[in-house]
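So this block is protein21.cif, mmCIF, C-alpha atoms:
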```cif
data_protein
loop_
_atom_site.label_atom_id
_atom_site.label_comp_id
_atom_site.auth_asym_id
_atom_site.auth_seq_id
_atom_site.Cartn_x
_atom_site.Cartn_y
_atom_site.Cartn_z
CA MET A 1 -18.19 6.10 -6.55
CA PRO A 2 -20.37 9.16 -5.82
CA VAL A 3 -20.61 11.72 -8.64
CA VAL A 4 -22.26 15.15 -8.45
CA VAL A 5 -22.59 17.26 -11.60
CA ALA A 6 -22.83 20.99 -12.14
CA ASP A 7 -26.63 21.23 -11.86
CA GLY A 8 -26.64 19.36 -8.54
CA HIS A 9 -27.70 15.97 -9.88
CA GLY A 10 -25.97 13.13 -8.07
CA PHE A 11 -25.57 9.41 -8.74
CA ARG A 12 -23.28 6.49 -7.99
CA LEU A 13 -20.88 5.24 -10.64
CA LEU A 14 -20.64 1.49 -9.96
CA LEU A 15 -17.17 -0.05 -10.14
CA ARG A 16 -15.85 -3.59 -10.45
CA ALA A 17 -12.11 -3.91 -11.05
CA PRO A 18 -9.45 -6.65 -11.05
CA ALA A 19 -6.14 -6.23 -9.26
CA ALA A 20 -4.27 -5.49 -12.50
CA PRO A 21 -6.72 -4.28 -15.17
CA VAL A 22 -5.72 -4.18 -18.83
CA ALA A 23 -8.42 -1.66 -19.83
CA SER A 24 -11.27 0.41 -18.41
CA LEU A 25 -14.86 0.36 -19.63
CA LEU A 26 -17.53 3.02 -19.19
CA TRP A 27 -20.78 1.05 -19.62
CA LEU A 28 -24.09 2.76 -20.40
CA PRO A 29 -27.37 0.95 -19.56
CA ALA A 30 -30.38 0.46 -21.76
CA LEU A 31 -33.34 2.84 -21.52
CA GLY A 32 -34.97 2.59 -18.10
CA VAL A 33 -32.51 0.04 -16.68
CA ALA A 34 -30.71 0.80 -13.40
CA ALA A 35 -26.94 0.35 -13.27
CA ARG A 36 -27.07 -2.40 -10.64
CA HIS A 37 -28.62 -4.82 -13.14
CA TYR A 38 -25.30 -4.90 -15.01
CA LEU A 39 -23.21 -6.02 -12.04
CA PRO A 40 -23.11 -9.69 -13.21
CA PHE A 41 -21.81 -8.45 -16.58
CA ALA A 42 -19.28 -6.21 -14.85
CA GLU A 43 -18.05 -9.10 -12.75
CA ALA A 44 -17.73 -11.35 -15.81
CA LEU A 45 -15.57 -8.71 -17.50
CA THR A 46 -13.56 -8.12 -14.32
CA ALA A 47 -12.62 -11.81 -14.38
CA ARG A 48 -11.21 -11.13 -17.86
CA GLY A 49 -9.09 -8.17 -16.79
CA VAL A 50 -11.37 -5.20 -17.47
CA ALA A 51 -12.16 -2.50 -14.90
CA VAL A 52 -15.86 -1.76 -15.41
CA PHE A 53 -17.60 1.49 -14.47
CA VAL A 54 -21.39 1.35 -14.87
CA HIS A 55 -23.03 4.73 -15.41
CA GLU A 56 -26.40 5.52 -13.85
CA TRP A 57 -28.92 7.30 -16.06
CA ARG A 58 -30.50 10.44 -14.70
CA GLY A 59 -33.82 9.47 -13.12
CA HIS A 60 -33.03 5.82 -12.36
CA GLY A 61 -31.41 3.71 -9.66
CA SER A 62 -29.08 5.78 -7.50
CA SER A 63 -29.89 9.04 -9.30
CA THR A 64 -31.12 11.79 -6.98
CA LEU A 65 -33.72 12.86 -9.58
CA ARG A 66 -36.93 11.31 -10.84
CA ALA A 67 -38.69 12.38 -14.01
CA GLY A 68 -42.00 14.18 -13.53
CA ARG A 69 -43.99 17.17 -14.54
CA ASP A 70 -41.58 19.48 -12.69
CA SER A 71 -38.41 17.53 -13.53
CA ASP A 72 -37.51 17.04 -17.17
CA TRP A 73 -34.38 16.60 -19.29
CA GLY A 74 -33.23 15.19 -22.62
CA TYR A 75 -30.14 13.95 -24.41
CA ARG A 76 -28.42 17.29 -23.80
CA ALA A 77 -28.22 16.71 -20.03
CA LEU A 78 -27.22 13.07 -20.46
CA LEU A 79 -24.50 13.72 -23.05
CA GLN A 80 -23.14 17.11 -22.00
CA THR A 81 -23.53 17.05 -18.21
CA ASP A 82 -23.78 13.56 -16.71
CA LEU A 83 -21.56 11.45 -18.96
CA PRO A 84 -18.59 13.87 -18.95
CA ALA A 85 -18.69 13.68 -15.14
CA SER A 86 -18.44 9.88 -15.28
CA VAL A 87 -15.56 10.14 -17.76
CA ALA A 88 -13.72 12.53 -15.42
CA ALA A 89 -14.26 10.22 -12.43
CA ILE A 90 -12.87 7.25 -14.36
CA ARG A 91 -9.79 9.19 -15.44
CA ALA A 92 -9.13 10.17 -11.85
CA CYS A 93 -9.42 6.53 -10.78
CA VAL A 94 -7.47 4.78 -13.58
CA PRO A 95 -5.68 7.52 -15.53
CA ARG A 96 -3.33 5.37 -17.60
CA LEU A 97 -5.52 2.51 -18.82
CA PRO A 98 -6.71 2.08 -22.41
CA ALA A 99 -10.31 3.28 -22.41
CA ILE A 100 -13.44 1.65 -23.84
CA VAL A 101 -16.95 3.08 -23.90
CA GLY A 102 -19.94 0.91 -24.64
CA GLY A 103 -23.52 0.16 -23.85
CA HIS A 104 -26.66 -1.87 -24.24
CA SER A 105 -29.46 -0.76 -26.56
CA LEU A 106 -29.93 3.03 -26.16
CA GLY A 107 -26.77 2.99 -24.04
CA ALA A 108 -24.67 1.93 -27.04
CA GLN A 109 -26.23 4.63 -29.20
CA LEU A 110 -25.43 7.31 -26.64
CA ALA A 111 -21.94 5.85 -26.20
CA ALA A 112 -21.40 6.52 -29.90
CA CYS A 113 -22.81 10.04 -29.47
CA LEU A 114 -20.48 10.64 -26.52
CA LEU A 115 -17.51 9.67 -28.69
CA ALA A 116 -18.79 12.04 -31.36
CA LEU A 117 -18.85 14.93 -28.89
CA ARG A 118 -15.71 13.95 -26.97
CA PRO A 119 -13.39 11.90 -29.20
CA ASP A 120 -10.81 11.55 -26.43
CA THR A 121 -13.26 9.57 -24.25
CA ALA A 122 -12.10 6.15 -25.47
CA GLN A 123 -10.21 4.25 -28.14
CA ARG A 124 -12.83 1.51 -28.61
CA LEU A 125 -16.62 1.27 -28.79
CA TRP A 126 -18.59 -1.79 -27.58
CA ILE A 127 -22.14 -2.20 -28.89
CA VAL A 128 -24.48 -4.84 -27.43
CA ALA A 129 -28.02 -5.49 -28.69
CA SER A 130 -28.23 -2.11 -30.33
CA GLY A 131 -28.70 -0.17 -33.52
CA ALA A 132 -30.41 3.01 -34.63
CA PRO A 133 -34.16 2.95 -33.86
CA TYR A 134 -35.00 4.41 -37.30
CA TRP A 135 -38.16 2.67 -38.44
CA ARG A 136 -36.98 2.24 -42.02
CA ALA A 137 -33.95 0.28 -40.75
CA PHE A 138 -36.23 -2.49 -39.43
CA PRO A 139 -37.69 -5.33 -41.48
CA GLY A 140 -41.44 -5.25 -42.15
CA PRO A 141 -44.18 -5.66 -41.23
CA ARG A 142 -43.20 -4.73 -37.66
CA ALA A 143 -41.36 -1.69 -38.98
CA TRP A 144 -44.63 -0.20 -40.21
CA LEU A 145 -45.93 -0.03 -36.63
CA LEU A 146 -42.88 1.76 -35.23
CA PRO A 147 -43.87 5.30 -36.34
CA LEU A 148 -47.04 4.90 -34.30
CA ALA A 149 -44.98 4.03 -31.21
CA TYR A 150 -42.62 6.95 -31.85
CA ARG A 151 -45.58 9.31 -31.81
CA PHE A 152 -47.57 7.69 -29.02
CA LEU A 153 -44.82 7.32 -26.39
CA PRO A 154 -43.73 11.01 -26.32
CA TRP A 155 -47.42 11.97 -26.29
CA ALA A 156 -48.03 9.67 -23.30
CA ALA A 157 -45.02 11.21 -21.53
CA ASP A 158 -46.35 14.73 -22.16
CA VAL A 159 -49.81 13.83 -20.86
CA ARG A 160 -48.51 12.13 -17.70
CA GLY A 161 -45.50 14.39 -17.06
CA ALA A 162 -43.16 11.41 -17.62
CA LEU A 163 -43.46 8.17 -19.55
CA PRO A 164 -45.09 5.50 -17.33
CA GLY A 165 -42.86 2.87 -18.84
CA ARG A 166 -43.49 0.15 -16.29
CA THR A 167 -47.23 0.40 -16.96
CA LEU A 168 -46.77 0.42 -20.74
CA GLY A 169 -44.14 -2.32 -20.76
CA PHE A 170 -41.42 -0.19 -22.36
CA GLY A 171 -38.62 1.58 -20.50
CA GLY A 172 -39.04 2.98 -17.03
CA ASN A 173 -40.23 6.31 -15.66
CA GLU A 174 -38.72 8.33 -18.52
CA ALA A 175 -38.32 12.08 -18.90
CA ARG A 176 -40.37 13.77 -21.59
CA GLY A 177 -37.30 15.25 -23.23
CA VAL A 178 -35.56 11.88 -23.47
CA MET A 179 -38.61 10.38 -25.15
CA ARG A 180 -38.86 13.25 -27.63
CA ASP A 181 -35.16 13.00 -28.55
CA TRP A 182 -35.38 9.21 -28.87
CA ALA A 183 -38.53 9.36 -31.00
CA ARG A 184 -36.97 11.99 -33.27
CA THR A 185 -34.25 9.51 -34.21
CA GLY A 186 -36.82 6.75 -34.65
CA LEU A 187 -38.80 8.83 -37.13
CA SER A 188 -35.98 10.59 -38.99
CA GLY A 189 -33.00 8.26 -38.63
CA ARG A 190 -30.88 11.18 -37.39
CA TYR A 191 -29.45 11.78 -33.91
CA ALA A 192 -30.08 15.14 -32.25
CA GLY A 193 -30.73 16.53 -28.80
CA ALA A 194 -32.97 19.51 -28.13
CA GLY A 195 -30.89 22.54 -27.18
CA MET A 196 -27.53 21.01 -28.09
CA ASP A 197 -25.03 23.30 -29.76
CA ARG A 198 -23.40 20.50 -31.77
CA ASP A 199 -24.69 18.67 -34.83
CA LEU A 200 -24.59 15.05 -33.65
CA GLU A 201 -24.90 13.64 -37.16
CA ALA A 202 -21.88 15.62 -38.38
CA ALA A 203 -19.91 14.71 -35.27
CA LEU A 204 -20.71 10.99 -35.63
CA ALA A 205 -19.17 11.04 -39.10
CA ASP A 206 -15.81 11.85 -37.46
CA VAL A 207 -15.84 8.91 -35.02
CA ARG A 208 -12.84 6.72 -35.84
CA VAL A 209 -12.25 3.95 -33.31
CA ASP A 210 -12.24 0.15 -33.27
CA MET A 211 -15.75 -1.21 -32.72
CA ASP A 212 -17.09 -4.52 -31.42
CA ALA A 213 -20.79 -5.25 -31.87
CA LEU A 214 -22.85 -8.16 -30.58
CA LEU A 215 -26.44 -8.96 -31.50
CA PHE A 216 -28.75 -11.75 -30.34
CA ALA A 217 -30.44 -14.17 -32.70
CA ASP A 218 -34.00 -13.66 -31.43
CA ASP A 219 -33.84 -9.95 -30.57
CA TRP A 220 -36.32 -8.08 -32.77
CA LEU A 221 -35.49 -4.81 -30.99
CA ALA A 222 -31.99 -4.77 -32.50
CA PRO A 223 -31.85 -6.45 -35.92
CA ARG A 224 -28.69 -6.38 -38.02
CA SER A 225 -30.21 -3.79 -40.34
CA SER A 226 -30.58 -1.29 -37.48
CA LEU A 227 -26.99 -1.92 -36.38
CA ASP A 228 -25.80 -1.32 -39.93
CA TRP A 229 -27.65 2.02 -39.99
CA LEU A 230 -25.86 3.08 -36.81
CA LEU A 231 -22.43 1.90 -37.97
CA ALA A 232 -22.83 3.67 -41.31
CA LYS A 233 -22.93 7.01 -39.48
CA MET A 234 -19.34 6.51 -38.28
CA ARG A 235 -15.97 5.64 -39.79
CA PRO A 236 -14.69 2.76 -37.65
CA THR A 237 -11.05 1.84 -37.99
CA ALA A 238 -12.05 -1.81 -37.54
CA VAL A 239 -15.34 -3.60 -36.86
CA ARG A 240 -15.98 -7.00 -35.27
CA CYS A 241 -19.63 -8.12 -35.42
CA GLY A 242 -21.16 -11.28 -34.00
CA ILE A 243 -24.60 -12.78 -33.44
CA LEU A 244 -25.06 -15.02 -30.41
CA ASP A 245 -27.79 -17.65 -30.24
CA ALA A 246 -29.45 -19.30 -27.25
CA ASP A 247 -27.02 -22.23 -27.23
CA ARG A 248 -24.04 -19.89 -27.03
CA LEU A 249 -25.63 -17.67 -24.40
CA GLY A 250 -27.07 -20.43 -22.24
CA THR A 251 -30.34 -18.49 -22.09
CA ARG A 252 -32.85 -16.84 -24.42
CA ALA A 253 -31.25 -14.87 -27.23
CA ASP A 254 -33.49 -11.82 -26.70
CA HIS A 255 -32.84 -8.22 -25.72
CA PHE A 256 -32.46 -8.66 -21.95
CA ALA A 257 -31.98 -12.31 -20.88
CA TRP A 258 -28.19 -12.15 -21.39
CA MET A 259 -27.87 -9.72 -18.46
CA LYS A 260 -28.35 -12.60 -15.99
CA ARG A 261 -26.10 -14.96 -17.98
CA PRO A 262 -23.43 -12.57 -19.30
CA ASP A 263 -20.39 -14.85 -19.62
CA ALA A 264 -20.67 -15.43 -23.38
CA VAL A 265 -21.09 -11.70 -24.02
CA ALA A 266 -18.16 -10.80 -21.78
CA ALA A 267 -15.96 -13.45 -23.39
CA ALA A 268 -16.79 -12.31 -26.92
CA LEU A 269 -16.09 -8.66 -26.13
CA ALA A 270 -12.90 -9.33 -24.16
CA ALA A 271 -11.57 -11.48 -27.01
CA GLY A 272 -11.26 -8.32 -29.08
CA LEU A 273 -8.71 -6.98 -26.58
CA GLN A 274 -6.31 -9.83 -27.23
CA PRO A 275 -3.48 -9.09 -29.67
CA ALA A 276 -3.76 -10.92 -32.98
CA ALA A 277 -1.71 -14.13 -33.14
#
```
Target encoding structure tokens, full file:
Amino acid sequence: MPVVVADGHGFRLLLRAPAAPVASLLWLPALGVAARHYLPFAEALTARGVAVFVHEWRGHGSSTLRAGRDSDWGYRALLQTDLPASVAAIRACVPRLPAIVGGHSLGAQLAACLLALRPDTAQRLWIVASGAPYWRAFPGPRAWLLPLAYRFLPWAADVRGALPGRTLGFGGNEARGVMRDWARTGLSGRYAGAGMDRDLEAALADVRVDMDALLFADDWLAPRSSLDWLLAKMRPTAVRCGILDADRLGTRADHFAWMKRPDAVAAALAAGLQPAA
């Protein structure tokens, strides 16, 4: 589904839907990951009755923009321009379905922020392999190295005009503003976007929806302590948390391997949509 936003940025919202969906999902990718990489996950959820719309981050995949010295943006553009356009497109397509918003890694964090800014977006939040990047929410000794990364990566983006994530082995070609906003949360534990007119931390405290969270047993990028820090910012009406290991997943229980073998993740999330016996 083609989407064009007010500032001229365009992208494709990817859709997989069953004949008679029971809910719709707006899915937000991890940092630097193009939407198409979540199609196996979307198809696994479609087989379980969920219409899945995969958002494309500005600067990646089908996006008409690429980050560079003359093309920059931060959380403000992602949260206040691009994501509302995807929400509007979904409502036009499936206006009467119960709505879910969720994501992987940074995508789940920004899904929570979207709910904070627009509470009518969805009635449920799905969190996969995610938590706040705040360095104090990670177990040591790795946690002690994180502040160095949170200072180095925005600096590298400023020097190069955009983060050369593929070269550094973290993220993709990322906008300087995105890296600064992300690093701010990593250092302070608080969510904010440069130039935003809303206090994200205050808005997160008003998020009241059912939440389903899945972590992976060998994923050091999203430990339970970081998830707890994120959840503590909100007031969920109900929370279901699970940790999947390699046997359950049928692949490595790390941050990304599940994307190619998504059945266990899809089954665990879809189970939360079933009425209690």
- Message: Which residue is closest to Asp218 (chain A)? Choose from A:Leu231, A:Leu204, A:Leu15, A:Leu244 and count all atoms listed in the file.
- Response: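 Going through A:Leu231, A:Leu204, A:Leu15, A:Leu244 one by one, the smallest distance to Asp218 (chain A) is for A:Leu244.
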- Given all atoms listed in the file as the counted atoms, nearest of A:Ala192, A:Leu14, A:Leu83, A:Ala257 to Thr121 (chain A):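 Distance minimum relative to Thr121 (chain A) lands on A:Leu83.
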- Query: Looking at all atoms listed in the file, which of A:Ser24, A:Asn173, A:Gln80, A:Thr46 is the one that sits closest to Gly68 (chain A)?
  - Reply: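 Result for the nearest residue to Gly68 (chain A): A:Asn173.
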- Query: How would you write, as a list in words, the residues chosen by the PyMOL selection byres ((chain A and resi 109) around 10) on this structure?
  - Reply: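 Evaluating the PyMOL selection byres ((chain A and resi 109) around 10) on these coordinates yields Leu28, Ala30, Gly102, Gly103, His104, Ser105, Leu106, Gly107, Ala108, Leu110, Ala111, Ala112, Cys113, Leu114, Ile127, Val128, Ser130, Gly131, Ala132, Pro133, Tyr191, Leu227, Leu230 and Leu231 of chain A.
Interatomic distance, CA of Ala202 (chain A) against CA of Met234 (chain A): 9.5 Å.
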- Item | Counting only C-alpha atoms, the option among A:Ala116, A:Arg124, A:Gly250, A:Gly186 closest to Glu201 (chain A) |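 Closest to Glu201 (chain A), using only C-alpha atoms: A:Ala116.
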- Task: Provide the CA of Arg180 (chain A) to CA of Ala143 (chain A) distance in Å, to one decimal place.
- Result: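 So the answer is 18.9 Å.
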- Task: Would you mind telling me which residue in A:Val54, A:Ala20, A:Leu200, A:Leu148 lies nearest to Ala34 (chain A) when using all atoms listed in the file?
- Result: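 Nearest to Ala34 (chain A): A:Val54.
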- Which one of A:Ala77, A:Val33, A:Ala246, A:Ala213 sits closest to Ala266 (chain A) if you count all atoms listed in the file?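 Of the candidates, the smallest distance to Ala266 (chain A) is held by A:Ala213.
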- Task: Name the residues captured by the PyMOL selection byres ((chain A and resi 7) around 12) when it is applied to the shown file; answer as a VMD selection string.
- Result: chain A and resid 3 to 6 8 to 10 58 64 to 65 73 77 to 78 80 to 82 85
- Rounded to one decimal in Å, what is the spacing between CA of Ala44 (chain A) and CA of Asp263 (chain A)? 5.8 Å
- Item | Expansion of the PyMOL selection byres ((chain A and resi 217) around 8) into residues, as an NGL selection string | :A and (215-216 or 218-219 or 243-246 or 253-254)
